[in-house]
file structure_14.cif (mmCIF, C-alpha atoms and all ligand atoms)
data_query
loop_
_atom_site.label_atom_id
_atom_site.label_comp_id
_atom_site.auth_asym_id
_atom_site.auth_seq_id
_atom_site.Cartn_x
_atom_site.Cartn_y
_atom_site.Cartn_z
CA MET K 995 257.57 60.80 -36.21
CA ASN K 996 257.64 57.07 -35.79
CA GLY K 997 255.49 55.94 -32.84
CA GLN K 998 258.27 53.94 -31.24
CA VAL K 999 260.56 56.99 -31.19
CA GLN K 1000 257.84 59.06 -29.55
CA GLU K 1001 257.21 56.37 -26.94
CA LEU K 1002 260.95 56.18 -26.17
CA LEU K 1003 261.26 59.96 -25.84
CA ILE K 1004 258.32 60.04 -23.41
CA ARG K 1005 259.86 57.23 -21.38
CA LEU K 1006 263.30 58.86 -21.42
CA SER K 1007 261.90 62.14 -20.14
CA ARG K 1008 260.25 60.29 -17.23
CA GLU K 1009 262.81 57.65 -16.36
CA HIS K 1010 266.06 59.25 -17.66
CA ALA K 1011 267.32 55.85 -18.82
CA LEU K 1012 266.89 53.48 -21.75
CA ARG K 1013 268.49 50.29 -22.99
CA LEU K 1014 271.45 50.60 -25.37
CA GLU K 1015 269.44 49.43 -28.38
CA GLU K 1016 266.68 51.90 -27.52
CA TYR K 1017 269.18 54.76 -27.62
CA GLN K 1018 270.19 53.54 -31.06
CA THR K 1019 266.54 53.55 -32.15
CA LEU K 1020 266.38 57.19 -31.04
CA ILE K 1021 269.46 58.08 -33.08
CA ASP K 1022 268.35 56.13 -36.16
CA GLY K 1023 264.88 57.67 -35.77
CA PHE K 1024 266.24 61.24 -35.84
CA SER K 1025 263.87 63.51 -37.79
CA PRO K 1026 262.82 67.15 -37.45
CA GLU K 1027 259.65 65.97 -35.68
CA ALA K 1028 261.56 63.77 -33.23
CA ALA K 1029 264.00 66.63 -32.58
CA ALA K 1030 261.13 69.08 -31.92
CA PHE K 1031 259.50 66.63 -29.52
CA ALA K 1032 262.80 65.97 -27.66
CA GLN K 1033 263.47 69.71 -27.57
CA GLN K 1034 260.13 70.52 -25.93
CA ALA K 1035 260.64 67.80 -23.31
CA ALA K 1036 264.22 69.00 -22.67
CA LEU K 1037 263.13 72.62 -22.27
CA ARG K 1038 260.40 71.62 -19.81
CA LEU K 1039 262.91 69.73 -17.68
CA ARG K 1040 265.53 72.47 -17.84
CA LYS K 1041 262.97 75.11 -16.88
CA GLN K 1042 261.94 73.16 -13.77
CA ILE K 1043 265.55 73.10 -12.54
CA TYR K 1044 267.21 76.22 -13.95
CA GLY K 1045 264.29 78.44 -14.95
CA GLU K 1046 265.51 80.87 -17.62
CA ASP K 1047 269.01 81.15 -16.13
CA ILE K 1048 272.04 80.80 -18.36
CA PHE K 1049 275.49 80.47 -16.81
CA ILE K 1050 278.59 82.01 -18.36
CA ARG K 1051 282.10 80.62 -18.03
CA GLY K 1052 285.19 82.62 -18.84
CA LEU K 1053 287.29 80.38 -21.08
CA ILE K 1054 291.05 80.95 -20.96
CA GLU K 1055 292.98 78.94 -23.54
CA ILE K 1056 296.26 78.74 -21.66
CA SER K 1057 298.44 76.91 -24.21
CA ASN K 1058 298.23 75.32 -27.64
CA ILE K 1059 301.34 73.22 -27.02
CA CYS K 1060 300.31 69.57 -26.85
CA ARG K 1061 302.20 66.31 -26.45
CA ASN K 1062 299.23 64.44 -27.95
CA ASP K 1063 298.55 63.72 -31.57
CA CYS K 1064 294.77 63.29 -31.76
CA LEU K 1065 293.94 62.86 -35.43
CA TYR K 1066 291.09 65.39 -35.42
CA CYS K 1067 292.77 68.24 -33.58
CA GLY K 1068 294.44 71.29 -35.11
CA ILE K 1069 296.87 71.70 -32.18
CA ARG K 1070 298.11 68.08 -32.37
CA ARG K 1071 301.87 67.85 -31.94
CA SER K 1072 302.47 66.81 -35.58
CA ASN K 1073 300.96 70.00 -36.94
CA ALA K 1074 304.12 71.89 -37.85
CA HIS K 1075 302.07 74.79 -39.21
CA CYS K 1076 300.53 75.60 -35.85
CA SER K 1077 302.09 78.72 -34.36
CA ARG K 1078 302.55 77.77 -30.72
CA TYR K 1079 302.00 79.89 -27.60
CA ARG K 1080 301.84 79.44 -23.88
CA LEU K 1081 300.41 81.92 -21.37
CA GLN K 1082 302.48 82.58 -18.27
CA PRO K 1083 300.71 82.41 -14.90
CA GLU K 1084 300.74 86.23 -14.62
CA GLU K 1085 298.97 86.53 -17.97
CA ILE K 1086 296.33 84.02 -16.88
CA LEU K 1087 295.78 86.02 -13.69
CA THR K 1088 295.26 89.16 -15.75
CA CYS K 1089 292.55 87.30 -17.69
CA THR K 1090 290.80 86.14 -14.51
CA ASP K 1091 290.97 89.64 -12.99
CA GLU K 1092 289.47 91.15 -16.15
CA GLY K 1093 286.85 88.42 -16.31
CA TYR K 1094 285.89 88.95 -12.69
CA ALA K 1095 285.35 92.65 -13.31
CA LEU K 1096 283.05 91.77 -16.20
CA GLY K 1097 280.92 89.47 -14.03
CA PHE K 1098 282.38 86.02 -14.63
CA ARG K 1099 282.27 83.72 -11.59
CA THR K 1100 283.69 80.60 -13.24
CA PHE K 1101 287.02 80.42 -15.03
CA VAL K 1102 287.86 77.51 -17.30
CA LEU K 1103 291.57 76.96 -17.87
CA GLN K 1104 291.83 74.87 -21.01
CA GLY K 1105 294.82 73.82 -23.05
CA GLY K 1106 296.82 71.18 -24.81
CA GLU K 1107 298.76 68.72 -22.67
CA ASP K 1108 301.67 71.08 -22.19
CA PRO K 1109 304.41 69.70 -19.88
CA PHE K 1110 305.25 73.25 -18.76
CA TYR K 1111 302.20 73.19 -16.48
CA THR K 1112 303.60 71.04 -13.73
CA ASP K 1113 301.63 70.43 -10.56
CA ALA K 1114 303.80 73.06 -8.80
CA ILE K 1115 302.96 75.77 -11.36
CA LEU K 1116 299.28 74.89 -11.50
CA THR K 1117 298.76 74.59 -7.74
CA SER K 1118 300.32 77.99 -7.13
CA LEU K 1119 298.22 79.50 -9.95
CA ILE K 1120 295.01 77.91 -8.64
CA ARG K 1121 295.73 79.12 -5.08
CA GLU K 1122 296.31 82.64 -6.35
CA ILE K 1123 293.05 82.69 -8.36
CA ARG K 1124 291.21 81.30 -5.34
CA GLN K 1125 292.71 83.95 -3.08
CA ARG K 1126 291.89 86.80 -5.45
CA HIS K 1127 288.41 85.55 -6.28
CA PRO K 1128 287.13 83.31 -3.47
CA ASP K 1129 283.57 83.39 -4.80
CA CYS K 1130 284.55 81.88 -8.17
CA ALA K 1131 284.63 78.31 -9.41
CA ILE K 1132 287.82 77.10 -11.09
CA THR K 1133 287.43 74.57 -13.88
CA LEU K 1134 290.37 72.79 -15.45
CA SER K 1135 290.44 71.18 -18.89
CA LEU K 1136 294.05 70.17 -19.31
CA GLY K 1137 293.75 66.61 -20.50
CA GLU K 1138 294.90 63.41 -18.88
CA ARG K 1139 297.03 63.48 -15.72
CA GLY K 1140 297.70 61.00 -12.94
CA MET K 1141 295.45 60.51 -9.92
CA SER K 1142 297.95 62.18 -7.57
CA SER K 1143 298.17 65.22 -9.85
CA PHE K 1144 294.37 65.52 -10.07
CA ARG K 1145 294.26 65.27 -6.29
CA ARG K 1146 296.87 68.02 -5.77
CA LEU K 1147 295.04 70.37 -8.11
CA ARG K 1148 291.77 69.71 -6.33
CA GLU K 1149 293.39 70.33 -2.95
CA ALA K 1150 294.78 73.61 -4.27
CA GLY K 1151 291.23 74.74 -5.01
CA ALA K 1152 290.11 73.49 -8.44
CA ASP K 1153 286.39 72.65 -8.38
CA ARG K 1154 285.62 71.13 -11.75
CA TYR K 1155 287.37 69.19 -14.51
CA LEU K 1156 286.28 68.82 -18.13
CA LEU K 1157 287.63 65.81 -19.97
CA ARG K 1158 285.57 64.71 -22.93
CA HIS K 1159 285.52 60.93 -23.24
CA GLU K 1160 285.45 61.61 -27.05
CA THR K 1161 283.68 58.29 -27.78
CA ALA K 1162 282.52 55.50 -25.50
CA ASP K 1163 283.43 52.85 -28.05
CA PRO K 1164 287.03 51.60 -27.71
CA ALA K 1165 287.33 50.62 -31.40
CA HIS K 1166 286.10 54.07 -32.48
CA TYR K 1167 288.43 55.71 -29.95
CA HIS K 1168 291.39 54.04 -31.64
CA LEU K 1169 290.30 55.33 -35.04
CA LEU K 1170 290.42 58.89 -33.69
CA HIS K 1171 293.67 58.68 -31.72
CA PRO K 1172 297.24 57.50 -32.27
CA PRO K 1173 298.23 54.08 -30.85
CA GLU K 1174 299.86 55.56 -27.74
CA CYS K 1175 296.53 56.97 -26.55
CA SER K 1176 294.53 54.65 -24.37
CA PHE K 1177 290.76 54.52 -24.13
CA GLU K 1178 291.06 52.75 -20.78
CA HIS K 1179 293.28 55.52 -19.39
CA ARG K 1180 290.89 58.25 -20.49
CA MET K 1181 288.01 56.44 -18.81
CA GLN K 1182 290.17 55.83 -15.74
CA CYS K 1183 290.89 59.57 -15.51
CA LEU K 1184 287.15 60.31 -15.58
CA SER K 1185 286.47 57.88 -12.78
CA ASP K 1186 289.48 59.16 -10.74
CA LEU K 1187 288.23 62.74 -11.10
CA LYS K 1188 284.83 61.75 -9.80
CA GLN K 1189 286.30 59.80 -6.93
CA ILE K 1190 288.49 62.75 -5.89
CA GLY K 1191 285.39 64.92 -5.66
CA TYR K 1192 285.56 67.15 -8.73
CA GLN K 1193 282.41 68.15 -10.56
CA VAL K 1194 283.22 66.27 -13.75
CA GLY K 1195 282.41 66.89 -17.40
CA CYS K 1196 282.64 64.34 -20.20
CA GLY K 1197 281.52 64.75 -23.81
CA PHE K 1198 282.02 63.95 -27.46
CA MET K 1199 281.94 65.37 -30.97
CA THR K 1200 278.99 64.68 -33.24
CA GLY K 1201 279.90 63.52 -36.71
CA SER K 1202 283.48 62.63 -35.85
CA PRO K 1203 285.07 60.49 -38.57
CA TYR K 1204 283.78 56.88 -38.69
CA GLN K 1205 281.10 57.60 -36.06
CA THR K 1206 278.04 55.36 -36.33
CA SER K 1207 274.65 55.51 -34.64
CA ALA K 1208 275.79 52.53 -32.55
CA ASN K 1209 278.73 54.65 -31.31
CA LEU K 1210 276.40 57.50 -30.38
CA ALA K 1211 274.08 55.09 -28.57
CA ARG K 1212 277.08 53.99 -26.47
CA ASP K 1213 277.90 57.63 -25.74
CA LEU K 1214 274.38 58.17 -24.44
CA LYS K 1215 274.47 54.98 -22.36
CA PHE K 1216 277.83 56.02 -20.93
CA ILE K 1217 276.44 59.44 -20.00
CA GLU K 1218 273.45 57.80 -18.32
CA LEU K 1219 275.70 55.54 -16.23
CA PHE K 1220 278.50 58.05 -15.52
CA HIS K 1221 276.00 60.81 -14.70
CA PRO K 1222 278.36 63.74 -15.35
CA ASP K 1223 277.87 67.18 -13.82
CA MET K 1224 278.78 68.76 -17.18
CA CYS K 1225 278.74 67.50 -20.75
CA GLY K 1226 280.44 69.09 -23.77
CA ILE K 1227 278.88 68.18 -27.11
CA GLY K 1228 279.82 69.92 -30.32
CA PRO K 1229 280.04 69.05 -33.99
CA PHE K 1230 283.34 67.77 -35.38
CA ILE K 1231 284.80 70.39 -37.75
CA PRO K 1232 287.78 69.45 -39.94
CA HIS K 1233 291.12 71.21 -39.67
CA HIS K 1234 293.05 71.45 -42.93
CA ASP K 1235 296.39 70.42 -41.36
CA THR K 1236 295.17 67.16 -39.82
CA PRO K 1237 294.69 63.64 -41.23
CA PHE K 1238 290.93 64.27 -41.05
CA ALA K 1239 291.04 67.36 -43.27
CA ALA K 1240 288.79 65.80 -45.92
CA PHE K 1241 286.06 64.53 -43.59
CA PRO K 1242 282.80 66.47 -43.52
CA ALA K 1243 281.75 68.53 -40.51
CA GLY K 1244 279.12 67.20 -38.13
CA SER K 1245 275.52 68.32 -38.37
CA VAL K 1246 273.98 71.18 -36.40
CA PRO K 1247 270.48 69.61 -36.18
CA LEU K 1248 271.87 66.26 -34.98
CA THR K 1249 274.02 68.05 -32.38
CA CYS K 1250 270.94 69.91 -31.13
CA TYR K 1251 268.94 66.64 -30.96
CA LEU K 1252 271.75 65.08 -28.90
CA LEU K 1253 271.82 68.09 -26.56
CA SER K 1254 268.09 67.54 -25.95
CA LEU K 1255 268.61 63.81 -25.35
CA VAL K 1256 271.42 64.47 -22.87
CA ARG K 1257 269.17 66.92 -20.99
CA LEU K 1258 266.53 64.15 -20.79
CA ILE K 1259 269.11 61.65 -19.51
CA VAL K 1260 270.69 63.95 -16.89
CA PRO K 1261 268.14 66.71 -16.23
CA THR K 1262 270.48 68.65 -13.92
CA VAL K 1263 273.46 68.60 -16.30
CA LEU K 1264 275.42 71.78 -17.02
CA LEU K 1265 275.35 71.72 -20.80
CA PRO K 1266 277.26 74.24 -22.90
CA ALA K 1267 276.13 75.55 -26.26
CA THR K 1268 279.62 75.06 -27.68
CA THR K 1269 281.81 77.31 -29.79
CA ALA K 1270 281.87 74.57 -32.47
CA LEU K 1271 278.09 74.82 -32.74
CA GLY K 1272 278.40 78.60 -33.00
CA THR K 1273 281.05 78.15 -35.69
CA LEU K 1274 278.87 76.02 -37.99
CA ALA K 1275 275.78 78.21 -37.68
CA PRO K 1276 275.67 81.94 -36.95
CA ASN K 1277 272.86 81.34 -34.43
CA GLY K 1278 274.30 77.98 -33.34
CA GLN K 1279 274.59 78.92 -29.69
CA GLU K 1280 271.01 80.15 -29.56
CA LEU K 1281 269.93 76.87 -31.18
CA GLY K 1282 271.91 75.01 -28.50
CA ILE K 1283 270.19 76.92 -25.69
CA LEU K 1284 266.82 76.30 -27.33
CA SER K 1285 267.63 72.56 -27.41
CA GLY K 1286 268.34 72.31 -23.68
CA ALA K 1287 271.83 73.79 -23.14
CA ASN K 1288 272.26 76.24 -20.25
CA VAL K 1289 275.90 77.36 -20.40
CA VAL K 1290 277.92 79.60 -22.73
CA MET K 1291 281.67 79.92 -22.54
CA PRO K 1292 282.93 83.20 -23.99
CA ASN K 1293 286.65 83.49 -24.56
CA LEU K 1294 288.70 85.56 -22.11
CA SER K 1295 292.09 84.67 -23.63
CA PRO K 1296 294.28 87.61 -24.69
CA VAL K 1297 293.25 88.74 -28.18
CA SER K 1298 296.84 88.24 -29.39
CA VAL K 1299 296.62 84.45 -29.00
CA ARG K 1300 292.96 83.86 -29.74
CA ASN K 1301 293.36 82.85 -33.35
CA LYS K 1302 296.18 80.45 -32.45
CA TYR K 1303 293.98 78.04 -30.51
CA MET K 1304 292.68 76.65 -33.79
CA LEU K 1305 291.27 73.24 -33.02
CA TYR K 1306 289.40 73.33 -36.35
CA ASP K 1307 289.05 75.59 -39.36
CA ASN K 1308 287.30 78.95 -39.02
CA LYS K 1309 286.86 78.56 -35.25
CA ARG K 1310 284.65 81.40 -34.20
CA SER K 1311 285.98 83.78 -31.63
CA THR K 1312 283.14 84.33 -29.22
CA GLY K 1313 285.32 86.58 -27.13
CA VAL K 1314 284.08 89.00 -24.52
CA ASP K 1315 286.68 91.75 -24.31
CA SER K 1316 284.51 94.37 -22.78
CA ALA K 1317 281.32 95.07 -20.91
CA GLU K 1318 279.73 95.97 -24.28
CA HIS K 1319 280.49 92.53 -25.72
CA LEU K 1320 279.01 90.89 -22.67
CA GLU K 1321 275.96 93.13 -22.96
CA MET K 1322 275.56 91.97 -26.58
CA LEU K 1323 275.64 88.36 -25.44
CA ARG K 1324 273.11 89.14 -22.70
CA GLU K 1325 270.88 90.74 -25.34
CA ARG K 1326 271.18 87.70 -27.64
CA MET K 1327 270.04 85.48 -24.77
CA ARG K 1328 267.26 87.89 -23.79
CA THR K 1329 265.99 87.82 -27.38
CA ILE K 1330 265.35 84.08 -27.09
CA GLY K 1331 263.83 84.36 -23.61
CA TYR K 1332 266.80 83.62 -21.34
CA ARG K 1333 268.95 85.63 -18.95
CA ILE K 1334 272.64 85.45 -18.14
CA ILE K 1335 273.22 85.53 -14.41
CA THR K 1336 276.29 86.42 -12.36
CA ASP K 1337 276.81 83.21 -10.45
CA ARG K 1338 279.28 80.34 -10.04
CA GLY K 1339 276.65 78.28 -11.82
CA ASP K 1340 276.86 75.04 -9.89
CA VAL K 1341 274.61 72.06 -10.53
CA ARG K 1342 271.18 72.61 -9.00
CA SER K 1343 269.24 69.73 -7.59
CA ALA K 1344 266.17 68.44 -9.36
CA PRO K 1345 262.76 68.74 -7.72
CA ASP K 1346 261.53 65.41 -6.31
CA SER K 1347 258.90 65.25 -9.03
CA LEU K 1348 261.67 64.64 -11.61
CA CYS K 1349 263.03 61.56 -9.92
CA PRO K 1350 262.23 58.28 -11.68
CA GLY K 1351 259.12 56.72 -10.23
CA ALA K 1352 257.63 60.03 -9.16
CA ASP K 1353 254.20 60.70 -10.58
CA ASN K 1354 254.91 63.38 -13.16
N1 LIG K 1401 293.75 68.74 -24.00
C1 LIG K 1401 292.51 68.75 -23.30
C2 LIG K 1401 291.76 67.46 -23.51
O1 LIG K 1401 292.25 66.57 -24.18
O2 LIG K 1401 290.69 67.32 -22.94
C3 LIG K 1401 291.62 69.94 -23.63
C4 LIG K 1401 291.79 70.58 -24.95
S1 LIG K 1401 291.05 69.66 -26.29
C5 LIG K 1401 291.64 70.56 -27.66
C6 LIG K 1401 289.34 70.14 -26.14
C7 LIG K 1401 288.33 69.44 -27.01
O3 LIG K 1401 288.35 69.99 -28.32
C8 LIG K 1401 288.52 67.96 -27.24
O4 LIG K 1401 288.02 67.23 -26.16
C9 LIG K 1401 287.77 67.72 -28.56
O5 LIG K 1401 286.53 67.07 -28.35
C10 LIG K 1401 287.59 69.14 -29.13
N2 LIG K 1401 288.11 69.20 -30.52
C11 LIG K 1401 289.37 68.99 -30.92
N3 LIG K 1401 289.45 69.02 -32.27
C12 LIG K 1401 288.20 69.27 -32.73
C13 LIG K 1401 287.63 69.39 -34.03
N4 LIG K 1401 288.36 69.25 -35.11
N5 LIG K 1401 286.31 69.66 -34.12
C14 LIG K 1401 285.55 69.82 -33.01
N6 LIG K 1401 286.03 69.69 -31.76
C15 LIG K 1401 287.34 69.41 -31.61
#
call {"tool": "encode", "arguments": {"input": "structure_14.cif", "output": "structure tokens", "more": "lines below"}}
Ligand code: SAM
result
Amino acid sequence: MNGQVQELLIRLSREHALRLEEYQTLIDGFSPEAAAFAQQAALRLRKQIYGEDIFIRGLIEISNICRNDCLYCGIRRSNAHCSRYRLQPEEILTCTDEGYALGFRTFVLQGGEDPFYTDAILTSLIREIRQRHPDCAITLSLGERGMSSFRRLREAGADRYLLRHETADPAHYHLLHPPECSFEHRMQCLSDLKQIGYQVGCGFMTGSPYQTSANLARDLKFIELFHPDMCGIGPFIPHHDTPFAAFPAGSVPLTCYLLSLVRLIVPTVLLPATTALGTLAPNGQELGILSGANVVMPNLSPVSVRNKYMLYDNKRSTGVDSAEHLEMLRERMRTIGYRIITDRGDVRSAPDSLCPGADN
């Protein structure tokens, strides 16, 4: 490994911040040795805060109907071959009840930007989940909404919101989205969510079309400055019915390196080993955990709709339909030295020794 990369990784693990051009040096200096070094530093930090604990989130994909037309996404509105579905509130409640019985204490309601889910429908659904399962966290991932809508959903009982920034470079953002999508609005949503008091998640795809190392450096700088509670990072995977069908998928090793770097930047971050990572490599989620991730999000959606939420080709169904499936997941984590716990899985605070300036 190049000496400068090693020096930057050591500094990043102590100070959790670098200059933009230094992040780019880290990306350009990616090598198996650099990744192994970053991984060890990330695992040390994660262990000090989270020990061997892995949090599970029950993912419920509530609708694949979307008013957006993101060029990379299989459920974009222009995809006429996508067979559309929408779960009714009662069906979502059945999923949360089943998930609760299995041991899930966080539910993630994710979907396309489906106009059916008005504030009235969502607030009554959130209140009902909260009433049935007061010890659970409710995470929403329903795309961009207005400040007043975000506020109503928070007041109804939603705790967290995942909204990947997708790329922190405006020019790159416009290469990935149709003209009506606004980079500024996406960023505004993220700052509104934080201001309202959500635990907020941002994130991006690795290897998205036209992505450069300079783009990735900006993503890392943005994460450093935004300091998210959660961060979703997964490889881009093409979908055959999108304009990006012919682009290659992102790389598993680079995604793992980025997971380690994000752990070094925000040591307390809740970092999922994503389904996309598990789709590209059979042991992708284990690799993610071993790079610094500490969250897995098995699918609790009804089996009948699971293969309709096809964001990309061959999306793996990491569903947990039964206690046996969950036990298999527990065993997979145990095999690599980690344990799934039954917990809301909130951000834990870092020991003082991890704060910049402390003598560690
Ligand atoms: N509509 C919500 C939103 O915009 O945040 C949530 C659903 S959206 C489908 C969830 C995430 O899927 C996106 O933020 C994007 O990063 C990821 N995604 C979409 N298409 C993908 C692809 N082809 N490969 C990998 N990830 C993809």
call {"tool": "residues_near_ligand", "arguments": {"input": "structure_14.cif", "ligand": "ligand LIG 1401 (chain K)", "cutoff": "6 Å", "atoms": "only C-alpha atoms and all ligand atoms", "output": "list in words"}}
result
Tyr1066, Cys1067, Gln1104, Gly1105, Gly1106, Glu1107, Ser1135, Leu1136, Gly1137, Leu1157, Arg1158, Glu1160, Phe1198, Met1199, Pro1229, Phe1230, Ile1231, Pro1232, His1233, Leu1305 and Tyr1306 of chain K
call {"tool": "write_last_selection", "arguments": {"input": "structure_14.cif", "atoms": "C-alpha atoms", "output": "JSON list (two decimals), in the frame of the given file"}}
result
[["chain", "number", "residue", "atom", "x", "y", "z"],
["K", 1066, "TYR", "CA", 291.09, 65.39, -35.42],
["K", 1067, "CYS", "CA", 292.77, 68.24, -33.58],
["K", 1104, "GLN", "CA", 291.83, 74.87, -21.01],
["K", 1105, "GLY", "CA", 294.82, 73.82, -23.05],
["K", 1106, "GLY", "CA", 296.82, 71.18, -24.81],
["K", 1107, "GLU", "CA", 298.76, 68.72, -22.67],
["K", 1135, "SER", "CA", 290.44, 71.18, -18.89],
["K", 1136, "LEU", "CA", 294.05, 70.17, -19.31],
["K", 1137, "GLY", "CA", 293.75, 66.61, -20.50],
["K", 1157, "LEU", "CA", 287.63, 65.81, -19.97],
["K", 1158, "ARG", "CA", 285.57, 64.71, -22.93],
["K", 1160, "GLU", "CA", 285.45, 61.61, -27.05],
["K", 1198, "PHE", "CA", 282.02, 63.95, -27.46],
["K", 1199, "MET", "CA", 281.94, 65.37, -30.97],
["K", 1229, "PRO", "CA", 280.04, 69.05, -33.99],
["K", 1230, "PHE", "CA", 283.34, 67.77, -35.38],
["K", 1231, "ILE", "CA", 284.80, 70.39, -37.75],
["K", 1232, "PRO", "CA", 287.78, 69.45, -39.94],
["K", 1233, "HIS", "CA", 291.12, 71.21, -39.67],
["K", 1305, "LEU", "CA", 291.27, 73.24, -33.02],
["K", 1306, "TYR", "CA", 289.40, 73.33, -36.35]]
call {"tool": "residues_around", "arguments": {"input": "structure_14.cif", "residues": "Gly1201 (chain K)", "least_positions_apart": "3", "cutoff": "10 Å", "atoms": "all atoms listed in the file", "output": "list in words"}}
result
Phe1198, Tyr1204, Gln1205, Thr1206, Ser1207, Leu1210, Gly1228, Pro1229, Phe1230, Ile1231, Phe1241, Pro1242, Ala1243, Gly1244, Ser1245, Val1246, Leu1248 and Thr1249 of chain K
call {"tool": "residues_around", "arguments": {"input": "structure_14.cif", "residues": "Leu1002 (chain K)", "least_positions_apart": "6", "cutoff": "12 Å", "atoms": "only C-alpha atoms", "output": "ChimeraX atom specification"}}
result
/K:995-996,1008-1021,1023,1028,1031-1032,1035,1255,1258-1259
call {"tool": "write_last_selection", "arguments": {"input": "structure_14.cif", "atoms": "C-alpha atoms", "output": "mmCIF file, in the frame of the given file"}}
result
data_model
loop_
_atom_site.group_PDB
_atom_site.id
_atom_site.type_symbol
_atom_site.label_atom_id
_atom_site.label_comp_id
_atom_site.auth_asym_id
_atom_site.auth_seq_id
_atom_site.Cartn_x
_atom_site.Cartn_y
_atom_site.Cartn_z
ATOM 1 C CA MET K 995 257.570 60.800 -36.210
ATOM 2 C CA ASN K 996 257.640 57.070 -35.790
ATOM 3 C CA ARG K 1008 260.250 60.290 -17.230
ATOM 4 C CA GLU K 1009 262.810 57.650 -16.360
ATOM 5 C CA HIS K 1010 266.060 59.250 -17.660
ATOM 6 C CA ALA K 1011 267.320 55.850 -18.820
ATOM 7 C CA LEU K 1012 266.890 53.480 -21.750
ATOM 8 C CA ARG K 1013 268.490 50.290 -22.990
ATOM 9 C CA LEU K 1014 271.450 50.600 -25.370
ATOM 10 C CA GLU K 1015 269.440 49.430 -28.380
ATOM 11 C CA GLU K 1016 266.680 51.900 -27.520
ATOM 12 C CA TYR K 1017 269.180 54.760 -27.620
ATOM 13 C CA GLN K 1018 270.190 53.540 -31.060
ATOM 14 C CA THR K 1019 266.540 53.550 -32.150
ATOM 15 C CA LEU K 1020 266.380 57.190 -31.040
ATOM 16 C CA ILE K 1021 269.460 58.080 -33.080
ATOM 17 C CA GLY K 1023 264.880 57.670 -35.770
ATOM 18 C CA ALA K 1028 261.560 63.770 -33.230
ATOM 19 C CA PHE K 1031 259.500 66.630 -29.520
ATOM 20 C CA ALA K 1032 262.800 65.970 -27.660
ATOM 21 C CA ALA K 1035 260.640 67.800 -23.310
ATOM 22 C CA LEU K 1255 268.610 63.810 -25.350
ATOM 23 C CA LEU K 1258 266.530 64.150 -20.790
ATOM 24 C CA ILE K 1259 269.110 61.650 -19.510
#
call {"tool": "residues_around", "arguments": {"input": "structure_14.cif", "residues": "Arg1342 (chain K)", "least_positions_apart": "6", "cutoff": "8 Å", "atoms": "all atoms listed in the file", "output": "ChimeraX atom specification"}}
result
/K:1043-1044,1262
call {"tool": "closest_residue", "arguments": {"input": "structure_14.cif", "among": "K:Leu1087, K:Leu1081, K:Met1181, K:Ala1267", "to": "Met1327 (chain K)", "atoms": "all atoms listed in the file"}}
result
K:Ala1267
call {"tool": "residues_near_point", "arguments": {"input": "structure_14.cif", "point": "(281.5, 53.0, -29.9)", "cutoff": "9 Å", "atoms": "only C-alpha atoms", "output": "PyMOL selection string"}}
result
chain K and resi 1161-1167+1205-1213
call {"tool": "residues_around", "arguments": {"input": "structure_14.cif", "residues": "Pro1296 (chain K)", "least_positions_apart": "5", "cutoff": "12 Å", "atoms": "only C-alpha atoms", "output": "list of chain:residue names"}}
result
K:Gly1052, K:Leu1053, K:Ile1054, K:Glu1055, K:Ile1056, K:Ser1057, K:Tyr1079, K:Arg1080, K:Leu1081, K:Gln1082, K:Glu1085, K:Ile1086, K:Leu1087, K:Thr1088, K:Cys1089, K:Thr1090, K:Glu1092, K:Gly1093, K:Asn1301, K:Lys1302, K:Tyr1303, K:Ser1311, K:Gly1313, K:Val1314, K:Asp1315
call {"tool": "atom_distance", "arguments": {"input": "structure_14.cif", "atom1": "CA of Ile1190 (chain K)", "atom2": "CA of Gly1140 (chain K)"}}
result
11.7 Å
call {"tool": "closest_residue", "arguments": {"input": "structure_14.cif", "among": "K:Lys1309, K:Lys1215, K:His1179, K:Arg1145", "to": "Leu1006 (chain K)", "atoms": "only C-alpha atoms"}}
result
K:Lys1215
call {"tool": "closest_residue", "arguments": {"input": "structure_14.cif", "among": "K:Leu1271, K:Arg1257, K:Ala1317, K:Gly1331", "to": "Gln1042 (chain K)", "atoms": "only C-alpha atoms"}}
result
K:Arg1257
call {"tool": "residues_around", "arguments": {"input": "structure_14.cif", "residues": "Pro1247 (chain K)", "least_positions_apart": "4", "cutoff": "9 Å", "atoms": "all atoms listed in the file", "output": "ChimeraX atom specification"}}
result
/K:1026,1029,1251-1252,1281
call {"tool": "write_last_selection", "arguments": {"input": "structure_14.cif", "atoms": "C-alpha atoms", "output": "short mmCIF file (atom, residue, chain, number, x, y, z; two decimals), keeping the file's coordinate frame"}}
result
data_model
loop_
_atom_site.label_atom_id
_atom_site.label_comp_id
_atom_site.auth_asym_id
_atom_site.auth_seq_id
_atom_site.Cartn_x
_atom_site.Cartn_y
_atom_site.Cartn_z
CA PRO K 1026 262.82 67.15 -37.45
CA ALA K 1029 264.00 66.63 -32.58
CA TYR K 1251 268.94 66.64 -30.96
CA LEU K 1252 271.75 65.08 -28.90
CA LEU K 1281 269.93 76.87 -31.18
#
call {"tool": "atom_distance", "arguments": {"input": "structure_14.cif", "atom1": "CA of Lys1041 (chain K)", "atom2": "CA of His1221 (chain K)"}}
result
19.5 Å
call {"tool": "closest_residue", "arguments": {"input": "structure_14.cif", "among": "K:Thr1236, K:Gln1279, K:Asn1073, K:Thr1117", "to": "Gly1151 (chain K)", "atoms": "all atoms listed in the file"}}
result
K:Thr1117
call {"tool": "atom_distance", "arguments": {"input": "structure_14.cif", "atom1": "CA of Leu1003 (chain K)", "atom2": "CA of Ile1050 (chain K)"}}
result
29.0 Å
call {"tool": "closest_residue", "arguments": {"input": "structure_14.cif", "among": "K:Arg1310, K:Val1297, K:Leu1284, K:Ala1095", "to": "Gly1272 (chain K)", "atoms": "all atoms listed in the file"}}
result
K:Arg1310
